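S.K.: Quick one: the structure is below, and I'll ask about it shortly.
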Amino acid sequence: MRASHADRERAVDVLKAGFAEGRLPQQEYEQRIGRAYQAQTQAELQMLVADLPQGPMPQQQFGPPPAVPPTFMPVQPVLAPTNGSATGALVCGILAPVTWGLTSIPAVILGHKARAEIRRTGERGDGQAVAGLVLGWLGISGWLLFFILMVFVGAANL
């Protein structure tokens, strides 16, 4: 296979490294460089560098590798627990339409309780508490509208 200019440059780099490491004397190094630039095939280039290591030599390590100081280790985030009352408020709020609004009042109570606990303790779950409050108040307002409508209908029939 014919050698490209990049192939010749790689071979020259291997020869330069061999000379720098003391593996080749000056005269032999110059001869091989000249032959590398005149080489037509990859086989000719391979013959020029066959007796030289092609790549960095592994360094011998004594003992175990050095440990990474804890300063450079990634920090594992510590997540605060989710407030249980917030979860309860959300569940009660979601169940309000299914239970005809019976869980709306517990959703509102648990939502307010959860928000107070979250402010005091720094727990997570504020979004759940707010969602439970909104759903609970929607259920309560739905019942209030229903009772007001029944009062007007009852008054109109009299």
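By order in the structure tokens, chains are A, B, ...; within a chain, residues start at 1; ligands start at 1, following the order shown.
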Excluding Gly18 in chain A and any residue of its chain fewer than 3 positions from it, enumerate the residues within 10 Å of it, using only C-alpha atoms, and give them as a list in words.
M.R.: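 Surrounding residues, per the criterion: Val12, Asp13, Val14, Leu15, Glu21, Gly22, Arg23, Leu24, Pro25, Tyr29, Val49, Asp51, Leu52, Pro53 and Gln54 of chain A.
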S.K.: Excluding Gln40 in chain A and residues on its chain fewer than 4 positions from it, collect all residues at most 10 Å away from it, counting only C-alpha atoms, and give them as a list of chain:residue names.
M.R.: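 These residues fall inside the cut-off: A:Met1, A:Arg2, A:Ala3, A:Ser4, A:His5, A:Arg8, A:Arg35, A:Ala36, A:Glu44, A:Leu45.
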S.K.: Just checking: using only C-alpha atoms, which residue out of A:Trp100, A:Val130, A:Leu48, A:Thr121 ends up closest to Phe146 in chain A?
M.R.: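 The closest residue to Phe146 in chain A is A:Trp100.
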S.K.: Kindly indicate which residue among A:Ile33, A:Ala43, A:Ala20, A:Ala86 lies nearest to Arg124 in chain A, using only C-alpha atoms for the distances.
M.R.: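 Of all the options, A:Ala86 lies closest to Arg124 in chain A.
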S.K.: Measuring between only C-alpha atoms, which one of A:Thr99, A:Ile94, A:Val153, A:Arg119 shows the shortest distance to Gly132 in chain A?
M.R.: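 Of the candidates, the smallest distance to Gly132 in chain A is held by A:Ile94.
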S.K.: Would you kindly return, as JSON, numbers by chain, each protein, DNA or RNA residue with an atom no farther than 9 Å from any atom of Thr87 in chain A, considering only C-alpha atoms and excluding same-chain residues fewer than 5 positions away?
M.R.: {"A": [82, 92, 110, 111, 114, 125, 128, 129, 132]}
S.K.: Those residues with all heavy atoms, as a PDB file, in the first residue's frame please?
M.R.:
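Here's the written file selection-v2.pdb:
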ATOM      1  N   THR A  82     -39.409  14.905  52.089  1.00  0.00           N
ATOM      2  CA  THR A  82     -40.663  15.550  51.718  1.00  0.00           C
ATOM      3  C   THR A  82     -41.610  15.507  52.912  1.00  0.00           C
ATOM      4  O   THR A  82     -41.737  14.482  53.583  1.00  0.00           O
ATOM      5  CB  THR A  82     -41.300  14.839  50.511  1.00  0.00           C
ATOM      6  OG1 THR A  82     -40.354  14.844  49.440  1.00  0.00           O
ATOM      7  CG2 THR A  82     -42.567  15.534  50.061  1.00  0.00           C
ATOM      8  N   CYS A  92     -55.505  14.213  49.297  1.00  0.00           N
ATOM      9  CA  CYS A  92     -56.897  14.587  49.626  1.00  0.00           C
ATOM     10  C   CYS A  92     -57.480  15.515  48.575  1.00  0.00           C
ATOM     11  O   CYS A  92     -58.667  15.407  48.228  1.00  0.00           O
ATOM     12  CB  CYS A  92     -56.952  15.251  50.994  1.00  0.00           C
ATOM     13  SG  CYS A  92     -56.695  14.110  52.367  1.00  0.00           S
ATOM     14  N   LEU A 110     -54.562  20.115  55.942  1.00  0.00           N
ATOM     15  CA  LEU A 110     -53.223  19.537  55.788  1.00  0.00           C
ATOM     16  C   LEU A 110     -52.294  20.453  54.980  1.00  0.00           C
ATOM     17  O   LEU A 110     -51.101  20.544  55.264  1.00  0.00           O
ATOM     18  CB  LEU A 110     -53.309  18.171  55.109  1.00  0.00           C
ATOM     19  CG  LEU A 110     -53.844  17.031  55.972  1.00  0.00           C
ATOM     20  CD1 LEU A 110     -54.069  15.788  55.108  1.00  0.00           C
ATOM     21  CD2 LEU A 110     -52.882  16.736  57.100  1.00  0.00           C
ATOM     22  N   GLY A 111     -52.848  21.159  53.994  1.00  0.00           N
ATOM     23  CA  GLY A 111     -52.038  22.072  53.189  1.00  0.00           C
ATOM     24  C   GLY A 111     -51.479  23.222  54.017  1.00  0.00           C
ATOM     25  O   GLY A 111     -50.302  23.557  53.919  1.00  0.00           O
ATOM     26  N   ALA A 114     -48.904  21.795  56.454  1.00  0.00           N
ATOM     27  CA  ALA A 114     -47.668  21.427  55.766  1.00  0.00           C
ATOM     28  C   ALA A 114     -46.838  22.665  55.430  1.00  0.00           C
ATOM     29  O   ALA A 114     -45.618  22.671  55.618  1.00  0.00           O
ATOM     30  CB  ALA A 114     -47.981  20.654  54.484  1.00  0.00           C
ATOM     31  N   GLY A 125     -41.659  19.847  49.512  1.00  0.00           N
ATOM     32  CA  GLY A 125     -43.074  19.530  49.365  1.00  0.00           C
ATOM     33  C   GLY A 125     -43.985  20.734  49.347  1.00  0.00           C
ATOM     34  O   GLY A 125     -45.209  20.586  49.441  1.00  0.00           O
ATOM     35  N   GLN A 128     -46.540  20.519  46.586  1.00  0.00           N
ATOM     36  CA  GLN A 128     -47.619  19.573  46.878  1.00  0.00           C
ATOM     37  C   GLN A 128     -48.632  20.205  47.820  1.00  0.00           C
ATOM     38  O   GLN A 128     -49.845  20.023  47.655  1.00  0.00           O
ATOM     39  CB  GLN A 128     -47.052  18.299  47.518  1.00  0.00           C
ATOM     40  CG  GLN A 128     -46.209  17.472  46.585  1.00  0.00           C
ATOM     41  CD  GLN A 128     -45.628  16.251  47.285  1.00  0.00           C
ATOM     42  OE1 GLN A 128     -45.659  16.129  48.512  1.00  0.00           O
ATOM     43  NE2 GLN A 128     -45.087  15.333  46.498  1.00  0.00           N
ATOM     44  N   ALA A 129     -48.137  20.944  48.825  1.00  0.00           N
ATOM     45  CA  ALA A 129     -49.039  21.578  49.781  1.00  0.00           C
ATOM     46  C   ALA A 129     -49.912  22.613  49.088  1.00  0.00           C
ATOM     47  O   ALA A 129     -51.130  22.689  49.337  1.00  0.00           O
ATOM     48  CB  ALA A 129     -48.236  22.218  50.913  1.00  0.00           C
ATOM     49  N   GLY A 132     -52.535  20.876  46.988  1.00  0.00           N
ATOM     50  CA  GLY A 132     -53.602  20.362  47.855  1.00  0.00           C
ATOM     51  C   GLY A 132     -54.518  21.481  48.329  1.00  0.00           C
ATOM     52  O   GLY A 132     -55.740  21.313  48.387  1.00  0.00           O
TER      53      GLY A 132
END
S.K.: With only C-alpha atoms as the counted atoms, please give the residues lying no more than 12 Å from Gly122 in chain A, apart from itself and same-chain residues fewer than 6 positions off, as a list in words.
M.R.: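 Final neighbour list, sorted by chain and number: Leu79, Ala80, Pro81, Thr82, Asn83, Ala114, Arg115 and Ala116 of chain A.
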S.K.: Those residues with C-alpha atoms, as an mmCIF file, in the first residue's frame please?
M.R.:
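Written output follows (part.cif):
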data_model
loop_
_atom_site.group_PDB
_atom_site.id
_atom_site.type_symbol
_atom_site.label_atom_id
_atom_site.label_comp_id
_atom_site.auth_asym_id
_atom_site.auth_seq_id
_atom_site.Cartn_x
_atom_site.Cartn_y
_atom_site.Cartn_z
ATOM 1 C CA LEU A 79 -31.984 16.139 49.840
ATOM 2 C CA ALA A 80 -34.338 17.131 52.594
ATOM 3 C CA PRO A 81 -37.251 14.735 53.117
ATOM 4 C CA THR A 82 -40.663 15.550 51.718
ATOM 5 C CA ASN A 83 -43.207 16.717 54.260
ATOM 6 C CA ALA A 114 -47.668 21.427 55.766
ATOM 7 C CA ARG A 115 -46.726 24.958 54.631
ATOM 8 C CA ALA A 116 -46.131 26.012 58.245
#
S.K.: Mind pulling up the distance from CA of Ala39 in chain A to CA of Asp7 in chain A?
M.R.: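 That distance, rounded to one decimal, is 9.8 Å.
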S.K.: Find the residues around Thr103 in chain A up to 8 Å (only C-alpha atoms counted), leave out those fewer than 3 positions away in its own chain, and share them as a list in words.
M.R.: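 Near Thr103 in chain A, the qualifying residues are Cys92, Gly93, Leu95, Ala96, Thr99, Pro106, Ala107 and Gly136 of chain A.
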S.K.: Between CA of Pro97 in chain A and CA of Ser141 in chain A, measure the distance and give it in Å to one decimal.
M.R.: 12.3 Å
S.K.: If you run DSSP on the backbone, which residues of chain A are alpha helix (DSSP H), as a count of residues only?
M.R.: 99
S.K.: Residues at most 8 Å from Trp137 in chain A, counting only C-alpha atoms, excluding those fewer than 6 positions away in the same chain, as a PyMOL selection string?
M.R.: chain A and resi 104-105+108
S.K.: When you count only C-alpha atoms, which of these residues is closest to Gly142 in chain A: A:Pro64, A:Gly101, A:Gly127, A:Gly88?
M.R.: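 Closest to Gly142 in chain A, using only C-alpha atoms: A:Gly101.
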